[in-house]
Each structure stands twice: as structure tokens, then as C-alpha cells.
Amino acid sequence: MKDIKRIEKLLDQLRIKEKDSEARKIFAEVFDERTLKTLYKLSAKGYIQALGGVVSTGKEANVFYADGSINGEFKPLAVKIYRIETSEFFKMDEYLFGDRRFDMRRVSKKELIFTWVEKEFRNLERAFNAGVNVPEPYTYLKNVVLMEFLGEDERPYPTIFELKRDLSEVTDVEELYSRIKEHLTRLYRKAELVHADLSEYNIVLKDNDPYFIDMGQAVLTDHPLANSYLERDLRNLIRFFSRYGIKESFEELISSVKGD
Ligand code: ADP
Ligand code: MN
């Protein structure tokens with residue numbers, strides 16, 4: 001019972017935009033006390049001004065909208081929160097070991113999730129600084145990443161998966177495909193990263209421009225499995241875009257991305 005009281009108090013401290021109790025109920029159900037404390041810290045530091053609604057509830061993470069403030073400027077935020085309890089630690093291992101940026105001998109099982117969050121943040125930063133279209137990362141703390149919200153009026157822009165049949169109505173698909181290739185090439189050659197979970201689910205369309213999201217599992221190009229991840233990413237793209245009449249062979253695509 002004490003727990004519930006403490007959680008109620010934390011929820012009071014977090015400014016939740018929706019006045020109704022529904023949002024509050026969702027927050028209470030989704031977050032454990034530690035996560036609420038982390039969110040509270042991010043509001044106390046001024047980053048989160050007010051928490052908004054749920055954008056997505058995934059297997060490992062939930063994404064929320066928030067009004068944010070970055071360097072004194074209003075910014076709509078995507079707040080990506082990894083679930084501490086139910087996250088799939090084993091899958092994470094494969095992408096973390098072999099990444100020379102992290103000394104995994106020093107990371108306990110409990111901290112694995114925090115290392116993952118740091119990795120997602122650093123991947124986004126690397127990609128963003130290389131000029132790849134990704135949401136601008138702002139900060140991270142424990143199991144929470146704050147980044148630019150790709151959307152309007154608190155609603156996220158659609159993924160190309162969500163657009164499906166409409167894709168060819170809202171945009172020039174050939175042009176889109178070549179923009180994706182351009183950013184993928186920049187990601188590989190300049191940021192020296194392989195996304196490793198690239199598919200129609202992780203490409204968002206903003207004003208006809210593709211943005212890559214969900215970069216937690218991205219690895220450096222010298223990771224021992226980087227090539228097989230890249231191959232999987234490229235095959236996903238070819239499969240998705242073949243439905244729109246785009247025909248490029250895997251060999252052509254990989255050599256154009258790698259430039260060899
Ligand atoms: P998951 O691991 O659950 O797939 P994602 O990072 O792909 O996590 O996010 C899940 C969903 O949340 C996305 O499909 C997208 O709709 C939304 N989303 C994620 N990041 C952003 C963002 N920066 N801006 C707007 N919406 C986002
Ligand atoms: Mn995703």
C-alpha cells in the first residue's frame with residue numbers, strides 16, 4: 001500500500017497534460033517507481049515540461065509525447081521509456097558485445113538496460129552529427145531517452161509501413177527510395193553505423209523525407225556481425241519497395257551503400 005501512495009505522490013509531481021484520470025491510470029500501470037523518479041528528475045531539470053499521451057506501446061519500450069524545453073526553447077519531445085522488468089536482455093547482448101564503445105565486463109545484468117539506452121542515444125547522436133535524418137537526441141537518463149518528436153499536434157508522423165497503399169499517393173516512391181539510400185549511405189560511410197533493425201516499421205515520413213528511428217541496436221561498422229545486419233537491412237528495403245515496382249538487386253544496393 002505504501003508503494004501506491006509513493007507512486008501517487010510521484011504522479012502528482014509529474015505534470016501530466018491530460019486532466020482526465022485515464023492518462024494517469026496508464027502512467028501508473030506502465031511505470032514502476034524507479035521510472036517515475038527518473039521522469040521526475042528529467043522534469044526537475046527542466047527538460048520535460050508536461051507529459052502527454054502515449055504514442056506507442058512496444059515490446060521493450062513505450063513512447064510518449066511531452067512538451068519539452070531544450071536550452072530554454074520549447075521543443076516537442078518523444079520520450080522513449082524502456083521497461084526495466086520485461087526487457088529482453090538476451091537479445092540485447094548480441095548487439096552490445098562486440099561494440100568497442102562499451103566495456104561489457106563492467107556492465108552488470110541490471111545495468112544492461114541503461115547501457116542500451118546510452119547506446120541508443122549515442123547512435124542517434126552519431127547519426128545526427130553525420131547529417132543522417134534521425135530525430136535529434138537531447139538527453140538520456142537511466143532507462144529514458146529524450147529526443148525530437150517527429151510529428152505534429154502531438155501526433156507522430158506515419159511510418160512507411162503505416163502508409164502502405166497510400167504511400168504512392170502521398171509521395172514519389174522512387175524519389176523516396178533514393179533518399180533512403182542516400183541517408184543509409186551516409187549512415188554507413190560517415191557515421192560508420194549499421195542500423196540493424198531497418199524496415200518499413202522504423203522509417204518515418206516527414207514532409208516526404210525519410211527519417212530513421214529506433215537506433216538502439218545499431219552497431220559500428222567494425223562490429224563482427226555488422227555485415228550480416230547490413231545485409232538483413234538491405235533485403236528488408238528491397239522486399240518492401242519491390243511492391244512499389246522498384247527493382248534493385250541486392251548486389252547493386254550493397255555496393256552503392258558501401259561504395260566499393
Ligand atoms: P520500438 O522498439 O517499440 O519499435 P520505436 O523507437 O520504433 O520503438 O518507437 C515506436 C513507435 O513510436 C514508432 O513506430 C513511432 O510511431 C513512435 N516514435 C518513436 N520515436 C519517435 C519520434 N522521435 N517522434 C515521433 N514518434 C516516434
Ligand atoms: Mn521500432
# chains A, B, ... in the order shown; residues from 1 in each chain; ligands from 1

call {"tool": "residues_near_ligand", "arguments": {"ligand": "ligand 2", "cutoff": "8 Å", "atoms": "only C-alpha atoms and all ligand atoms", "output": "short mmCIF file (atom, residue, chain, number, x, y, z; two decimals) with N, CA, C and O atoms, in the first residue's frame"}}
result
data_model
loop_
_atom_site.label_atom_id
_atom_site.label_comp_id
_atom_site.auth_asym_id
_atom_site.auth_seq_id
_atom_site.Cartn_x
_atom_site.Cartn_y
_atom_site.Cartn_z
N GLY A 58 5.39 -0.69 -27.15
CA GLY A 58 6.08 -1.79 -27.81
C GLY A 58 6.46 -2.89 -26.82
O GLY A 58 6.08 -2.84 -25.66
N ASP A 197 18.13 -2.77 -37.57
CA ASP A 197 16.70 -3.12 -37.45
C ASP A 197 15.91 -2.28 -38.44
O ASP A 197 14.81 -1.81 -38.16
N TYR A 201 8.95 -0.43 -40.64
CA TYR A 201 8.44 -0.04 -39.32
C TYR A 201 9.28 1.06 -38.67
O TYR A 201 8.81 1.74 -37.75
N ASN A 202 10.51 1.20 -39.11
CA ASN A 202 11.41 2.15 -38.46
C ASN A 202 11.83 3.29 -39.39
O ASN A 202 12.86 3.92 -39.17
N ILE A 213 14.28 5.81 -37.31
CA ILE A 213 14.10 5.83 -35.85
C ILE A 213 14.56 4.49 -35.28
O ILE A 213 14.97 3.60 -36.03
N ASP A 214 14.49 4.37 -33.95
CA ASP A 214 14.76 3.10 -33.27
C ASP A 214 16.20 2.63 -33.51
O ASP A 214 16.44 1.60 -34.14
#

call {"tool": "select_by_dssp", "arguments": {"residues": "stretch 63-196 of chain A", "states": "alpha helix (DSSP H)", "output": "ChimeraX atom specification"}}
result
/A:89-96,112-129,160-163,167-170,173-189

call {"tool": "residues_near_ligand", "arguments": {"ligand": "ligand 1", "cutoff": "8 Å", "atoms": "only C-alpha atoms and all ligand atoms", "output": "ChimeraX atom specification"}}
result
/A:55-65,77-80,134-136,147-151,155-159,201-202,204,213-215

call {"tool": "closest_residue", "arguments": {"among": "A:Phe114, A:Phe241, A:Tyr47, A:Phe97", "to": "A:Ser178", "atoms": "only C-alpha atoms"}}
result
A:Phe241

call {"tool": "select_by_dssp", "arguments": {"residues": "stretch 167-244 of chain A", "states": "strand (DSSP E or B)", "output": "JSON, numbers by chain"}}
result
{"A": [193, 194, 203, 204, 205, 206, 209, 210, 211, 212, 219, 220]}

call {"tool": "residues_around", "arguments": {"residues": "A:Thr35", "least_positions_apart": "3", "cutoff": "10 Å", "atoms": "only C-alpha atoms", "output": "number ranges by chain"}}
result
A: 30-32, 38-41, 81-84, 141-144

call {"tool": "closest_residue", "arguments": {"among": "A:Leu205, A:Leu225, A:Val54, A:Val117", "to": "A:Leu176", "atoms": "only C-alpha atoms"}}
result
A:Leu205

call {"tool": "residues_around", "arguments": {"residues": "A:Phe240", "least_positions_apart": "4", "cutoff": "10 Å", "atoms": "only C-alpha atoms", "output": "number ranges by chain"}}
result
A: 160-161, 164, 199-200, 234-236, 244-246

call {"tool": "write_last_selection", "arguments": {"atoms": "N, CA and C atoms", "output": "PDB file, in the first residue's frame"}}
result
ATOM      1  N   ILE A 160       6.461   4.360 -42.924  1.00  0.00           N
ATOM      2  CA  ILE A 160       6.071   3.984 -44.291  1.00  0.00           C
ATOM      3  C   ILE A 160       5.248   2.694 -44.271  1.00  0.00           C
ATOM      4  N   PHE A 161       5.393   1.906 -43.221  1.00  0.00           N
ATOM      5  CA  PHE A 161       4.524   0.726 -43.064  1.00  0.00           C
ATOM      6  C   PHE A 161       3.073   1.162 -42.902  1.00  0.00           C
ATOM      7  N   LYS A 164       1.422   2.280 -46.169  1.00  0.00           N
ATOM      8  CA  LYS A 164       1.101   1.152 -47.064  1.00  0.00           C
ATOM      9  C   LYS A 164       0.661   1.564 -48.463  1.00  0.00           C
ATOM     10  N   SER A 199      13.618  -1.376 -41.362  1.00  0.00           N
ATOM     11  CA  SER A 199      12.489  -1.940 -42.102  1.00  0.00           C
ATOM     12  C   SER A 199      11.467  -0.834 -42.219  1.00  0.00           C
ATOM     13  N   GLU A 200      10.366  -1.130 -42.890  1.00  0.00           N
ATOM     14  CA  GLU A 200       9.296  -0.141 -43.054  1.00  0.00           C
ATOM     15  C   GLU A 200       8.729   0.339 -41.710  1.00  0.00           C
ATOM     16  N   LEU A 234      19.201  -4.305 -45.829  1.00  0.00           N
ATOM     17  CA  LEU A 234      19.038  -4.014 -47.251  1.00  0.00           C
ATOM     18  C   LEU A 234      18.000  -4.933 -47.890  1.00  0.00           C
ATOM     19  N   ARG A 235      17.991  -6.182 -47.468  1.00  0.00           N
ATOM     20  CA  ARG A 235      16.983  -7.112 -48.007  1.00  0.00           C
ATOM     21  C   ARG A 235      15.574  -6.693 -47.602  1.00  0.00           C
ATOM     22  N   ASN A 236      15.430  -6.170 -46.380  1.00  0.00           N
ATOM     23  CA  ASN A 236      14.127  -5.645 -45.950  1.00  0.00           C
ATOM     24  C   ASN A 236      13.662  -4.511 -46.850  1.00  0.00           C
ATOM     25  N   TYR A 244       6.323  -1.679 -54.787  1.00  0.00           N
ATOM     26  CA  TYR A 244       6.005  -0.425 -55.476  1.00  0.00           C
ATOM     27  C   TYR A 244       6.722  -0.348 -56.818  1.00  0.00           C
ATOM     28  N   GLY A 245       7.161  -1.493 -57.285  1.00  0.00           N
ATOM     29  CA  GLY A 245       7.759  -1.555 -58.612  1.00  0.00           C
ATOM     30  C   GLY A 245       9.225  -1.171 -58.653  1.00  0.00           C
ATOM     31  N   ILE A 246       9.842  -1.048 -57.493  1.00  0.00           N
ATOM     32  CA  ILE A 246      11.256  -0.684 -57.509  1.00  0.00           C
ATOM     33  C   ILE A 246      12.098  -1.943 -57.537  1.00  0.00           C
TER      34      ILE A 246
END

call {"tool": "residues_around", "arguments": {"residues": "A:Asp3", "least_positions_apart": "5", "cutoff": "12 Å", "atoms": "only C-alpha atoms", "output": "PDB file with N, CA, C and O atoms, in the first residue's frame"}}
result
ATOM      1  N   GLU A   8       1.493   7.534  -6.249  1.00  0.00           N
ATOM      2  CA  GLU A   8       0.510   8.615  -6.381  1.00  0.00           C
ATOM      3  C   GLU A   8       1.182   9.981  -6.219  1.00  0.00           C
ATOM      4  O   GLU A   8       0.902  10.915  -6.955  1.00  0.00           O
ATOM      5  N   LYS A   9       2.091  10.042  -5.262  1.00  0.00           N
ATOM      6  CA  LYS A   9       2.773  11.306  -4.998  1.00  0.00           C
ATOM      7  C   LYS A   9       3.649  11.698  -6.194  1.00  0.00           C
ATOM      8  O   LYS A   9       3.646  12.849  -6.627  1.00  0.00           O
ATOM      9  N   LEU A  10       4.371  10.709  -6.725  1.00  0.00           N
ATOM     10  CA  LEU A  10       5.220  10.990  -7.889  1.00  0.00           C
ATOM     11  C   LEU A  10       4.381  11.431  -9.084  1.00  0.00           C
ATOM     12  O   LEU A  10       4.756  12.329  -9.832  1.00  0.00           O
ATOM     13  N   ALA A  28       0.413   5.052 -14.259  1.00  0.00           N
ATOM     14  CA  ALA A  28       0.580   4.236 -13.058  1.00  0.00           C
ATOM     15  C   ALA A  28       0.786   2.770 -13.420  1.00  0.00           C
ATOM     16  O   ALA A  28       1.539   2.054 -12.775  1.00  0.00           O
ATOM     17  N   ASP A  32       7.114   1.778 -13.272  1.00  0.00           N
ATOM     18  CA  ASP A  32       7.457   1.418 -11.913  1.00  0.00           C
ATOM     19  C   ASP A  32       7.944   2.678 -11.207  1.00  0.00           C
ATOM     20  O   ASP A  32       8.163   3.711 -11.832  1.00  0.00           O
ATOM     21  N   GLU A  33       8.155   2.557  -9.924  1.00  0.00           N
ATOM     22  CA  GLU A  33       8.513   3.728  -9.131  1.00  0.00           C
ATOM     23  C   GLU A  33       9.839   4.358  -9.583  1.00  0.00           C
ATOM     24  O   GLU A  33       9.975   5.570  -9.671  1.00  0.00           O
ATOM     25  N   ARG A  34      10.801   3.476  -9.908  1.00  0.00           N
ATOM     26  CA  ARG A  34      12.111   3.990 -10.339  1.00  0.00           C
ATOM     27  C   ARG A  34      11.994   4.836 -11.602  1.00  0.00           C
ATOM     28  O   ARG A  34      12.631   5.866 -11.756  1.00  0.00           O
TER      29      ARG A  34
END

call {"tool": "residues_around", "arguments": {"residues": "A:Arg101", "least_positions_apart": "5", "cutoff": "9 Å", "atoms": "only C-alpha atoms", "output": "list in words"}}
result
Leu96, Lys119 and Leu220 of chain A

call {"tool": "residues_around", "arguments": {"residues": "stretch 92-94 of chain A", "least_positions_apart": "3", "cutoff": "12 Å", "atoms": "only C-alpha atoms", "output": "compact mmCIF listing (two decimals) with C-alpha atoms, in the first residue's frame"}}
result
# COMPACT_ATOMS: atom_id res chain seq x y z
CA GLU A 60 10.60 -3.37 -24.92
CA SER A 87 13.04 -6.18 -21.37
CA GLU A 88 14.64 -8.87 -23.44
CA PHE A 89 18.14 -8.89 -22.09
CA PHE A 97 29.06 -7.31 -27.05
CA GLY A 98 31.34 -6.64 -29.96
CA ASP A 99 30.74 -2.91 -29.74
CA PHE A 102 31.19 -0.31 -24.31
CA MET A 104 30.79 -5.06 -21.20
CA ARG A 105 32.94 -6.64 -18.49
CA VAL A 107 28.24 -3.86 -17.00
CA SER A 108 26.06 -5.87 -14.66
CA LYS A 109 22.86 -7.52 -15.83
CA GLU A 111 22.75 -2.13 -15.86
CA LEU A 112 22.39 -3.72 -19.27
CA ILE A 113 19.23 -1.77 -19.97
CA PHE A 114 20.91 1.52 -19.02
CA THR A 115 23.84 0.73 -21.31
CA TRP A 116 21.35 0.00 -24.06
CA VAL A 117 19.73 3.41 -23.57
CA LYS A 119 23.88 3.21 -26.84
CA GLU A 120 20.64 4.35 -28.47
CA ALA A 196 20.48 -3.37 -37.77
CA GLY A 216 19.21 1.18 -30.05
CA GLN A 217 20.55 -1.89 -31.78
CA ALA A 218 22.66 -0.03 -34.38
CA VAL A 219 26.29 -1.17 -34.34
CA HIS A 223 31.20 -4.97 -35.23
CA PRO A 224 31.75 -8.66 -36.02
CA LEU A 225 28.14 -9.07 -37.17
CA ALA A 226 27.81 -5.68 -38.91
CA TYR A 229 22.94 -6.91 -40.10

call {"tool": "atom_distance", "arguments": {"atom1": "atom CA of A:Phe250", "atom2": "atom CA of A:Asp233"}}
result
10.6 Å

call {"tool": "closest_residue", "arguments": {"among": "A:Val145, A:Tyr188, A:Ile180, A:Arg100", "to": "A:Glu118", "atoms": "only C-alpha atoms"}}
result
A:Val145
